[in-house]
$ cat structure02.cif   # mmCIF, C-alpha atoms and all ligand atoms
data_work
#
loop_
_atom_site.group_PDB
_atom_site.id
_atom_site.type_symbol
_atom_site.label_atom_id
_atom_site.label_comp_id
_atom_site.auth_asym_id
_atom_site.auth_seq_id
_atom_site.Cartn_x
_atom_site.Cartn_y
_atom_site.Cartn_z
ATOM 1 C CA MET F 1 0.000 0.000 0.000
ATOM 2 C CA ALA F 2 1.267 3.372 -0.930
ATOM 3 C CA GLU F 3 -0.006 6.678 0.155
ATOM 4 C CA VAL F 4 0.096 10.034 -1.605
ATOM 5 C CA ILE F 5 0.131 13.298 0.227
ATOM 6 C CA ASN F 6 0.019 16.835 -1.062
ATOM 7 C CA HIS F 7 1.718 19.945 0.272
ATOM 8 C CA VAL F 8 0.446 23.345 -0.762
ATOM 9 C CA CYS F 9 1.980 26.757 -0.327
ATOM 10 C CA ASN F 10 -0.065 29.082 1.878
ATOM 11 C CA ARG F 11 0.818 32.098 -0.305
ATOM 12 C CA CYS F 12 0.916 30.984 -3.940
ATOM 13 C CA SER F 13 -0.759 28.052 -5.646
ATOM 14 C CA ALA F 14 2.289 25.762 -5.707
ATOM 15 C CA SER F 15 1.546 22.191 -4.731
ATOM 16 C CA ILE F 16 3.807 19.168 -4.525
ATOM 17 C CA GLU F 17 2.597 15.584 -4.359
ATOM 18 C CA ALA F 18 4.632 12.838 -2.762
ATOM 19 C CA TRP F 19 4.384 9.066 -2.590
ATOM 20 C CA SER F 20 5.059 7.503 0.775
ATOM 21 C CA ASP F 21 7.262 4.845 -0.745
ATOM 22 C CA GLY F 22 9.348 6.970 -3.115
ATOM 23 C CA ASN F 23 10.236 5.684 -6.551
ATOM 24 C CA PRO F 24 11.352 2.075 -6.478
ATOM 25 C CA TYR F 25 13.562 1.107 -9.371
ATOM 26 C CA TYR F 26 15.165 -1.947 -10.888
ATOM 27 C CA LEU F 27 17.778 -2.480 -13.564
ATOM 28 C CA ASP F 28 16.695 -4.026 -16.855
ATOM 29 C CA GLU F 29 18.785 -6.532 -18.827
ATOM 30 C CA ASN F 30 20.979 -3.718 -20.159
ATOM 31 C CA GLY F 31 21.649 -2.314 -16.725
ATOM 32 C CA THR F 32 19.438 0.698 -17.350
ATOM 33 C CA LYS F 33 17.532 2.057 -14.438
ATOM 34 C CA GLU F 34 13.768 1.712 -14.808
ATOM 35 C CA TYR F 35 11.179 2.961 -12.384
ATOM 36 C CA ALA F 36 8.402 0.636 -11.333
ATOM 37 C CA TYR F 37 5.036 2.299 -11.360
ATOM 38 C CA HIS F 38 2.082 1.511 -9.197
ATOM 39 C CA PRO F 39 0.387 -0.844 -9.145
ATOM 40 C CA ASP F 40 2.744 -3.046 -11.089
ATOM 41 C CA HIS F 41 3.651 -5.565 -8.434
ATOM 42 C CA GLU F 42 5.613 -7.756 -10.811
ATOM 43 C CA GLN F 43 7.998 -4.882 -11.452
ATOM 44 C CA LEU F 44 8.064 -3.846 -7.823
ATOM 45 C CA GLU F 45 9.381 -7.249 -6.836
ATOM 46 C CA LYS F 46 12.457 -6.760 -9.013
ATOM 47 C CA CYS F 47 13.339 -3.476 -7.413
ATOM 48 C CA ILE F 48 16.770 -3.065 -5.924
ATOM 49 C CA GLY F 49 16.646 0.530 -4.837
ATOM 50 C CA ASN F 50 14.423 3.448 -4.160
ATOM 51 C CA ASP F 51 15.008 7.008 -5.294
ATOM 52 C CA SER F 52 13.369 9.698 -3.281
ATOM 53 C CA PRO F 53 12.051 12.831 -4.907
ATOM 54 C CA HIS F 54 13.398 16.055 -3.446
ATOM 55 C CA LEU F 55 12.572 19.687 -3.937
ATOM 56 C CA CYS F 56 15.223 22.389 -4.006
ATOM 57 C CA LEU F 57 14.180 25.146 -1.618
ATOM 58 C CA GLY F 58 16.461 27.552 -3.464
ATOM 59 C CA CYS F 59 15.289 27.310 -7.086
ATOM 60 C CA GLY F 60 12.233 25.042 -6.950
ATOM 61 C CA ALA F 61 13.742 22.225 -9.040
ATOM 62 C CA GLU F 62 12.371 18.741 -8.417
ATOM 63 C CA PHE F 63 14.906 15.972 -8.691
ATOM 64 C CA MET F 64 15.594 12.427 -7.548
ATOM 65 C CA VAL F 65 18.090 11.580 -4.858
ATOM 66 C CA ASP F 66 19.507 8.183 -5.640
ATOM 67 C CA TYR F 67 19.398 5.637 -2.904
ATOM 68 C CA GLU F 68 22.753 4.205 -4.046
ATOM 69 C CA ALA F 69 24.524 7.515 -4.468
ATOM 70 C CA PRO F 70 22.802 10.043 -2.245
ATOM 71 C CA SER F 71 23.511 13.668 -2.919
ATOM 72 C CA ASP F 72 22.834 16.567 -0.604
ATOM 73 C CA GLN F 73 22.637 19.353 -3.125
ATOM 74 C CA CYS F 74 20.455 20.567 -5.971
ATOM 75 C CA PRO F 75 21.791 19.432 -9.379
ATOM 76 C CA LYS F 76 20.647 22.722 -10.899
ATOM 77 C CA CYS F 77 21.737 25.505 -8.559
ATOM 78 C CA HIS F 78 23.888 23.465 -6.115
ATOM 79 C CA SER F 79 22.000 24.762 -3.119
ATOM 80 C CA GLN F 80 22.138 22.516 -0.088
ATOM 81 C CA GLU F 81 18.708 23.660 0.982
ATOM 82 C CA ILE F 82 16.781 20.680 -0.264
ATOM 83 C CA ALA F 83 13.893 18.763 1.247
ATOM 84 C CA ASP F 84 12.328 15.366 0.761
ATOM 85 C CA THR F 85 8.982 16.021 -0.961
ATOM 86 C CA PHE F 86 7.307 13.866 1.668
ATOM 87 C CA GLU F 87 8.559 16.167 4.419
ATOM 88 C CA LEU F 88 7.748 19.625 3.121
ATOM 89 C CA ASP F 89 5.431 20.568 5.938
ATOM 90 C CA GLY F 90 6.621 23.909 7.336
ATOM 91 C CA ARG F 91 9.382 24.425 4.732
ATOM 92 C CA LYS F 92 9.583 27.697 2.821
ATOM 93 C CA CYS F 93 8.195 27.840 -0.691
ATOM 94 C CA PRO F 94 10.906 28.310 -3.357
ATOM 95 C CA PHE F 95 8.400 29.550 -5.956
ATOM 96 C CA CYS F 96 7.074 32.691 -4.298
ATOM 97 C CA LYS F 97 9.784 32.890 -1.581
ATOM 98 C CA ALA F 98 7.191 34.170 0.861
ATOM 99 C CA GLY F 99 4.936 31.293 1.795
ATOM 100 C CA THR F 100 5.330 28.045 3.657
ATOM 101 C CA PHE F 101 4.208 24.587 2.655
ATOM 102 C CA VAL F 102 1.431 23.045 4.653
ATOM 103 C CA ARG F 103 0.130 19.549 4.342
ATOM 104 C CA ASP F 104 -3.241 19.449 2.595
ATOM 105 C CA SER F 105 -5.234 17.205 4.877
ATOM 106 C CA ASP F 106 -8.150 16.922 2.456
ATOM 107 C CA PHE F 107 -5.898 15.263 -0.052
ATOM 108 C CA PHE F 108 -5.264 11.644 0.683
ATOM 109 C CA VAL F 109 -5.002 8.835 -1.826
ATOM 110 C CA VAL F 110 -4.201 5.229 -1.157
ATOM 111 C CA SER F 111 -3.146 2.977 -3.983
HETATM 112 ZN ZN ZN M 1 4.593 29.822 -2.683
HETATM 113 ZN ZN ZN M 2 18.192 24.419 -6.874
#
$ encode --input "structure02.cif" --output "structure tokens"
Amino acid sequence: MAEVINHVCNRCSASIEAWSDGNPYYLDENGTKEYAYHPDHEQLEKCIGNDSPHLCLGCGAEFMVDYEAPSDQCPKCHSQEIADTFELDGRKCPFCKAGTFVRDSDFFVVS
């Protein structure tokens, strides 16, 4: 079971969705990384790692942090102010630079 939550900025309309279980991936026969999508359980069983989506609090870029080679900075602007998209509650919004993300409690999806 996976859960999706949504964080919205209290000043602008920015919203970021996050899966509770990140982005599981496996390697295909050529060694290329492939993401397994819900609800493909056959693919999920082959997964060897799990990338977690992060948001740069400096420039607003969304990017994956690899489970095998974790990075602590934004690949675009190299800011170290990054946050797991599942843990944005109370973090400042990089889009309007004025608001704060709050968890949208009306938004709850279970897959
Ligand atoms: Zn905002
Ligand atoms: Zn950035």
$ resolve_selection --input "structure02.cif" --expression "the PyMOL selection byres (((chain F and resi 81) around 10) and not hetatm)" --output "ChimeraX atom specification"
/F:55-59,72-74,78-80,82-83
$ atom_distance --input "structure02.cif" --atom1 "CA of Phe95 in chain F" --atom2 "CA of Gly60 in chain F"
6.0 Å
$ closest_residue --input "structure02.cif" --among "F:Tyr35, F:Asn30, F:Phe107, F:Ile16" --to "ligand ZN 1 (chain M)" --atoms "all atoms listed in the file"
F:Ile16
$ residues_near_ligand --input "structure02.cif" --ligand "ligand ZN 1 (chain M)" --cutoff "10 Å" --atoms "all atoms listed in the file" --output "number ranges by chain"
F: 8-15, 60, 92-101
$ write_last_selection --input "structure02.cif" --atoms "C-alpha atoms" --output "short mmCIF file (atom, residue, chain, number, x, y, z; two decimals), in the frame of the given file"
data_model
loop_
_atom_site.label_atom_id
_atom_site.label_comp_id
_atom_site.auth_asym_id
_atom_site.auth_seq_id
_atom_site.Cartn_x
_atom_site.Cartn_y
_atom_site.Cartn_z
CA VAL F 8 0.45 23.34 -0.76
CA CYS F 9 1.98 26.76 -0.33
CA ASN F 10 -0.06 29.08 1.88
CA ARG F 11 0.82 32.10 -0.30
CA CYS F 12 0.92 30.98 -3.94
CA SER F 13 -0.76 28.05 -5.65
CA ALA F 14 2.29 25.76 -5.71
CA SER F 15 1.55 22.19 -4.73
CA GLY F 60 12.23 25.04 -6.95
CA LYS F 92 9.58 27.70 2.82
CA CYS F 93 8.20 27.84 -0.69
CA PRO F 94 10.91 28.31 -3.36
CA PHE F 95 8.40 29.55 -5.96
CA CYS F 96 7.07 32.69 -4.30
CA LYS F 97 9.78 32.89 -1.58
CA ALA F 98 7.19 34.17 0.86
CA GLY F 99 4.94 31.29 1.80
CA THR F 100 5.33 28.04 3.66
CA PHE F 101 4.21 24.59 2.66
#
$ closest_residue --input "structure02.cif" --among "F:Asp51, F:Glu62, F:Asp89, F:Asp40" --to "ligand ZN 2 (chain M)" --atoms "only C-alpha atoms and all ligand atoms"
F:Glu62
$ closest_residue --input "structure02.cif" --among "F:Leu88, F:Val102, F:Cys47, F:Ala61" --to "ligand ZN 2 (chain M)" --atoms "all atoms listed in the file"
F:Ala61
$ closest_residue --input "structure02.cif" --among "F:Tyr37, F:Cys77, F:Pro24, F:Trp19" --to "His7 in chain F" --atoms "only C-alpha atoms"
F:Trp19
$ residues_around --input "structure02.cif" --residues "Gly22 in chain F" --least-positions-apart "4" --cutoff "12 Å" --atoms "all atoms listed in the file" --output "ChimeraX atom specification"
/F:2-5,17-18,35-38,44,47,49-54,63-67,84-87
$ build_atoms --input "structure02.cif" --residues "range 50-61 of chain F" --atoms "all heavy atoms" --output "short mmCIF file (atom, residue, chain, number, x, y, z; two decimals), keeping the file's coordinate frame"
data_model
loop_
_atom_site.label_atom_id
_atom_site.label_comp_id
_atom_site.auth_asym_id
_atom_site.auth_seq_id
_atom_site.Cartn_x
_atom_site.Cartn_y
_atom_site.Cartn_z
N ASN F 50 15.56 2.56 -4.26
CA ASN F 50 14.42 3.45 -4.16
C ASN F 50 14.91 4.90 -4.16
O ASN F 50 15.55 5.34 -3.23
CB ASN F 50 13.67 3.12 -2.86
CG ASN F 50 12.31 3.73 -2.81
OD1 ASN F 50 11.99 4.65 -3.57
ND2 ASN F 50 11.49 3.25 -1.91
N ASP F 51 14.61 5.61 -5.23
CA ASP F 51 15.01 7.01 -5.29
C ASP F 51 13.96 7.85 -4.59
O ASP F 51 12.78 7.56 -4.70
CB ASP F 51 15.06 7.48 -6.76
CG ASP F 51 16.29 6.96 -7.46
OD1 ASP F 51 17.09 6.27 -6.82
OD2 ASP F 51 16.45 7.26 -8.66
N SER F 52 14.39 8.87 -3.90
CA SER F 52 13.37 9.70 -3.28
C SER F 52 13.37 11.09 -3.87
O SER F 52 14.40 11.74 -3.98
CB SER F 52 13.50 9.70 -1.76
OG SER F 52 14.72 10.19 -1.39
N PRO F 53 12.18 11.52 -4.29
CA PRO F 53 12.05 12.83 -4.91
C PRO F 53 12.30 13.95 -3.89
O PRO F 53 11.81 13.88 -2.77
CB PRO F 53 10.61 12.87 -5.41
CG PRO F 53 9.96 11.61 -5.01
CD PRO F 53 10.91 10.80 -4.20
N HIS F 54 13.08 14.92 -4.31
CA HIS F 54 13.40 16.06 -3.45
C HIS F 54 13.06 17.35 -4.18
O HIS F 54 13.03 17.39 -5.40
CB HIS F 54 14.89 16.05 -3.09
CG HIS F 54 15.23 15.14 -1.95
ND1 HIS F 54 15.03 13.77 -2.02
CD2 HIS F 54 15.74 15.39 -0.72
CE1 HIS F 54 15.41 13.24 -0.86
NE2 HIS F 54 15.85 14.19 -0.06
N LEU F 55 12.85 18.37 -3.39
CA LEU F 55 12.57 19.69 -3.94
C LEU F 55 13.68 20.62 -3.46
O LEU F 55 14.03 20.62 -2.28
CB LEU F 55 11.21 20.18 -3.43
CG LEU F 55 10.80 21.58 -3.88
CD1 LEU F 55 10.41 21.59 -5.36
CD2 LEU F 55 9.63 22.08 -3.04
N CYS F 56 14.22 21.40 -4.39
CA CYS F 56 15.22 22.39 -4.01
C CYS F 56 14.49 23.60 -3.45
O CYS F 56 13.61 24.16 -4.11
CB CYS F 56 16.06 22.79 -5.21
SG CYS F 56 17.19 24.14 -4.84
N LEU F 57 14.85 24.00 -2.24
CA LEU F 57 14.18 25.15 -1.62
C LEU F 57 14.79 26.46 -2.10
O LEU F 57 14.32 27.54 -1.77
CB LEU F 57 14.27 25.04 -0.09
CG LEU F 57 13.63 23.78 0.52
CD1 LEU F 57 13.81 23.77 2.02
CD2 LEU F 57 12.15 23.67 0.16
N GLY F 58 15.84 26.35 -2.91
CA GLY F 58 16.46 27.55 -3.46
C GLY F 58 15.85 27.94 -4.80
O GLY F 58 15.43 29.07 -5.00
N CYS F 59 15.76 26.96 -5.74
CA CYS F 59 15.29 27.31 -7.09
C CYS F 59 13.99 26.61 -7.47
O CYS F 59 13.45 26.85 -8.54
CB CYS F 59 16.38 27.01 -8.12
SG CYS F 59 16.66 25.25 -8.42
N GLY F 60 13.51 25.70 -6.64
CA GLY F 60 12.23 25.04 -6.95
C GLY F 60 12.36 23.84 -7.86
O GLY F 60 11.35 23.28 -8.28
N ALA F 61 13.58 23.40 -8.18
CA ALA F 61 13.74 22.22 -9.04
C ALA F 61 13.34 20.96 -8.28
O ALA F 61 13.60 20.84 -7.08
CB ALA F 61 15.19 22.12 -9.49
#
